[in-house]
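What follows is a short report on a single structure.
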Amino acid sequence: MAVVVEQTQEPVGGSAVHRLSATLFRRPRVRLAALLALPTTWLVVVYLAALFSLLATAFFSVDSFTNAVVRTLTLQNFHDVLSDPAYLQATVRTVAIAATVTVLCTLLGFPMAFFIAKIAPLRWRGLLVALVVTPLWAAYLVKVYAWQAMVQPDTGVLAWLLRPIGLSGPGYGATATILTLSYLWLPYMILPIYAGLQRLPDSLVDASGDLGATPLRTLRSVVLPLIYPSVVAGSVFTFSLSLGDYITVQIVGGQTQMIGNIVYQNYTGNLPFAAAIATIPVVIMVIYLTLVRRTGALDNL
Amino acid sequence: MAFGLAFIYVPLAVVLINSFNVSTVFAWPPRGFTTKWWTSAIGNDSIRQAVLTSVEVGLVATTAALVMGTLIAFGLGRYSFFGRQTLSLLVVLPIALPGIVTALAFRTAFRTILGIELSIWTVAVAHATFAMVVVYNNVVARLRRMGNVAEEASMDLGANTFTTFRLITFPLLRGAMVAGALLAFGLSFDEIVVTLFTAPPGVTTLPIWIFQNLSRPNQAPVVNVVAAVLVVASIIPIYLSQRLAGDTTAGGRI
């Protein structure tokens, strides 16, 4: 019926559109190709090519006289990275900071997520989630700037708060970096755990209690095993984001150096060397993702 | 919970209060109240220029991300094909890898391999690549929830593919698309690492402006005001995306 109506209204254009429509309907592969052509080309040509050029550049070198990039393959950059213990130390320090941030975010994020999902009255839930999420949209730099004000030696807010009990603030350094990074990435930990807890039926917790388990035992034997994949999903964010950070360290880290700082210091002068350094976080992330893949956490991302 | 919320909001409150501080160097507690920094920030040309640059980059990147994110959401959400897993990994890779890796990758591609001059366009291309993810996340979630019953009904009643899209699919998706675009814009507006690596010296977005002025002591009061404005402004995308999409508890940022 509709076809007839359309043909009487638009005898030429209508039938052409109709034919195209019918062809698309009969050939899902053509539809799929039309949908994916542009974005896939973009991702492959722009993004994958960029990643590949990063990898290729890591094997190039720099002309010491003109500072221009020389496109002959060499392992010199990797040799330099591996032979200088300073870079190994920076890597260990970066991983340690990222791991501490992840642990802190979990310790702080789990109780908050648990409160929102299981304890708070239903009508508060939306508001509490919004309260946790809103700071995600406050600018990154503003949050780091806020923490600069918090940790500043002598005149910072923490120093002011701690003075009455005879302590001084953390000042700039690794502690300040860890605090600031934990602050930045906390919502990335709370949200996956919250989503996981929402999927966890209350009846399981009740049943565990009815069978005589103490709240602690219920937490350890029922809640934590079921929530574990969500925690891992959150940790992928907190770990990866901390691993690549250099701006926070630059602002509140004092003398502390992370992998990101070394990349940043070298990218104008010696791009190939910076590229070689930048492969370190990629390798660490690949190892981390392979390790956690078995938990099934990646399906939650 | 109370401690957690205090941990989240005390630093932001400090930024807000500090923008009214009389003193030019930061020292807690504040010495007195003034609004003169707000007046001087509003009249500041370099801030206005930086906001304008950020908006330009954001609009270009958001448009590209919206188109590609929606297309890829349809492709991955509605079809199963060889390489689907790989492609869905590739979409989230730009935000799953550390920012500095993505940033340096774009820089090496633009400068060393392609040899093109950095410009506002290279920034926009880089931004569009990671902003695509939030559009994709929002649209694919909506596609999953709405199913294709309404669309099949429309086809059964004789509407062709295009009419169905115009009258059924698009109206159902519109909210998720707008929310995704909004979040993409927010992501681009806030981005600093990738911007620093892909922008030429003349192009200053708002985050770059803040970063440059953070270390200049005489600019501190004005930076405070900009920071305070951004804290307040962070409520807007959350509010709008909740109104529009209804279901983006995560704000789509994850």
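Residue numbering restarts at 1 in every chain; chains get A, B, ... in the order shown in the structure tokens, and ligands count up from 1 in that same order.
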Residues of range 31-120 of chain A in strand (DSSP E or B) according to DSSP, as a PyMOL selection string?
-> chain A and resi 61-62+69-70
Grab the residues selected above and save them as a CSV table (one decimal), in the first residue's frame with N, CA and C atoms.
```csv
chain,number,residue,atom,x,y,z
A,61,SER,N,66.6,7.5,15.3
A,61,SER,CA,67.5,8.2,16.2
A,61,SER,C,67.5,9.7,15.8
A,62,VAL,N,68.3,10.5,16.6
A,62,VAL,CA,68.3,11.9,16.3
A,62,VAL,C,69.7,12.3,15.9
A,69,VAL,N,65.1,14.2,13.2
A,69,VAL,CA,65.0,12.7,13.3
A,69,VAL,C,65.5,12.0,12.1
A,70,VAL,N,66.4,11.0,12.4
A,70,VAL,CA,67.0,10.2,11.3
A,70,VAL,C,66.2,8.9,11.2
```
Rows by chain and residue number, chain B within 6 Å of chain A, shortest pair, only C-alpha atoms, as CSV:
```
residue,atom,partner,partner_atom,distance
B:Met1,CA,A:Met112,CA,5.1
B:Pro11,CA,A:Ala146,CA,5.3
B:Val15,CA,A:Ala146,CA,5.7
B:Ala27,CA,A:Thr155,CA,4.8
B:Trp28,CA,A:Thr155,CA,5.4
B:Met68,CA,A:Pro39,CA,5.0
B:Leu71,CA,A:Leu35,CA,5.3
B:Ile72,CA,A:Leu36,CA,5.8
B:Gly75,CA,A:Leu35,CA,5.8
B:Pro98,CA,A:Gly244,CA,4.6
B:Gly99,CA,A:Gly244,CA,6.0
B:Ile100,CA,A:Gly244,CA,5.6
B:Val101,CA,A:Ala278,CA,5.9
B:Ala105,CA,A:Leu54,CA,4.8
B:Phe106,CA,A:Ala50,CA,5.3
B:Thr108,CA,A:Leu54,CA,5.8
B:Ala109,CA,A:Ala50,CA,4.9
B:Gly158,CA,A:Ala2,CA,5.5
B:Asn160,CA,A:Ser21,CA,5.9
B:Thr161,CA,A:Ser21,CA,5.3
B:Asp190,CA,A:Ala139,CA,5.5
B:Ala227,CA,A:Val142,CA,5.3
B:Val231,CA,A:Ala138,CA,5.1
B:Ser234,CA,A:Ala138,CA,4.7
```
Save out the residues we just selected, C-alpha atoms, as a PDB file, in the first residue's frame.
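Final output, result-v1.pdb:
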```pdb
ATOM      1  CA  MET B   1      30.463   8.186  53.213  1.00  0.00           C
ATOM      2  CA  PRO B  11      39.339  20.860  47.768  1.00  0.00           C
ATOM      3  CA  VAL B  15      39.115  26.768  45.121  1.00  0.00           C
ATOM      4  CA  ALA B  27      47.789  31.137  52.034  1.00  0.00           C
ATOM      5  CA  TRP B  28      45.179  29.420  54.148  1.00  0.00           C
ATOM      6  CA  MET B  68      31.577   8.455  13.762  1.00  0.00           C
ATOM      7  CA  LEU B  71      27.868   5.011  12.997  1.00  0.00           C
ATOM      8  CA  ILE B  72      30.166   2.676  14.871  1.00  0.00           C
ATOM      9  CA  GLY B  75      27.728  -1.286  13.334  1.00  0.00           C
ATOM     10  CA  PRO B  98      47.660   6.370  29.211  1.00  0.00           C
ATOM     11  CA  GLY B  99      47.065   9.888  27.859  1.00  0.00           C
ATOM     12  CA  ILE B 100      50.731  10.548  27.249  1.00  0.00           C
ATOM     13  CA  VAL B 101      50.965   7.535  24.918  1.00  0.00           C
ATOM     14  CA  ALA B 105      51.547   8.852  19.158  1.00  0.00           C
ATOM     15  CA  PHE B 106      49.673  11.710  17.486  1.00  0.00           C
ATOM     16  CA  THR B 108      55.022  11.458  16.042  1.00  0.00           C
ATOM     17  CA  ALA B 109      52.407  10.745  13.364  1.00  0.00           C
ATOM     18  CA  GLY B 158       5.588  -0.380   4.623  1.00  0.00           C
ATOM     19  CA  ASN B 160      11.422   2.081   3.837  1.00  0.00           C
ATOM     20  CA  THR B 161      14.818   2.116   5.584  1.00  0.00           C
ATOM     21  CA  ASP B 190      39.051  19.664  29.584  1.00  0.00           C
ATOM     22  CA  ALA B 227      39.199  27.614  38.341  1.00  0.00           C
ATOM     23  CA  VAL B 231      34.119  24.075  39.275  1.00  0.00           C
ATOM     24  CA  SER B 234      30.980  21.112  35.997  1.00  0.00           C
TER      25      SER B 234
END
```
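The space between CA of Ala176 in chain B and CA of Arg142 in chain B spans 6.5 Å.
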DSSP on the backbone, then: every residue of range 7-226 of chain A marked helix (DSSP H, G or I), written as number ranges by chain.
-> A: 7-9, 13-26, 28-57, 76-83, 85-119, 122-137, 140-151, 157-165, 174-199, 202-210, 215-226
Who sits within 8 Å of Thr122 in chain B, only C-alpha atoms, same chain under 4 positions skipped, as a ChimeraX atom specification | /B:110,118,126,198-199
With a distance cut-off of 7 Å and only C-alpha atoms, select the neighbouring residues of Ala124 in chain B, excluding the residue or stretch itself and same-chain residues fewer than 6 positions from it, and output the selection as a ChimeraX atom specification.
-> /B:57,60-61
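Relative to CA of Leu5 in chain B, CA of Leu122 in chain A is found at 18.2 Å.
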Per-residue nearest contacts of range 33-132 of chain A to range 162-182 of chain A (9 Å; only C-alpha atoms) as a Markdown table:
```
| residue | atom | partner | partner_atom | distance |
| --- | --- | --- | --- | --- |
| A:Ile97 | CA | A:Ile178 | CA | 6.3 |
| A:Ala98 | CA | A:Ile178 | CA | 7.9 |
| A:Thr100 | CA | A:Ile178 | CA | 7.1 |
| A:Val101 | CA | A:Ser182 | CA | 5.1 |
| A:Thr102 | CA | A:Ser182 | CA | 7.3 |
| A:Leu104 | CA | A:Ser182 | CA | 6.6 |
| A:Cys105 | CA | A:Ser182 | CA | 5.8 |
```
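Here CA of Val205 in chain A is placed at a distance of 10.2 Å from CA of Lys118 in chain A.
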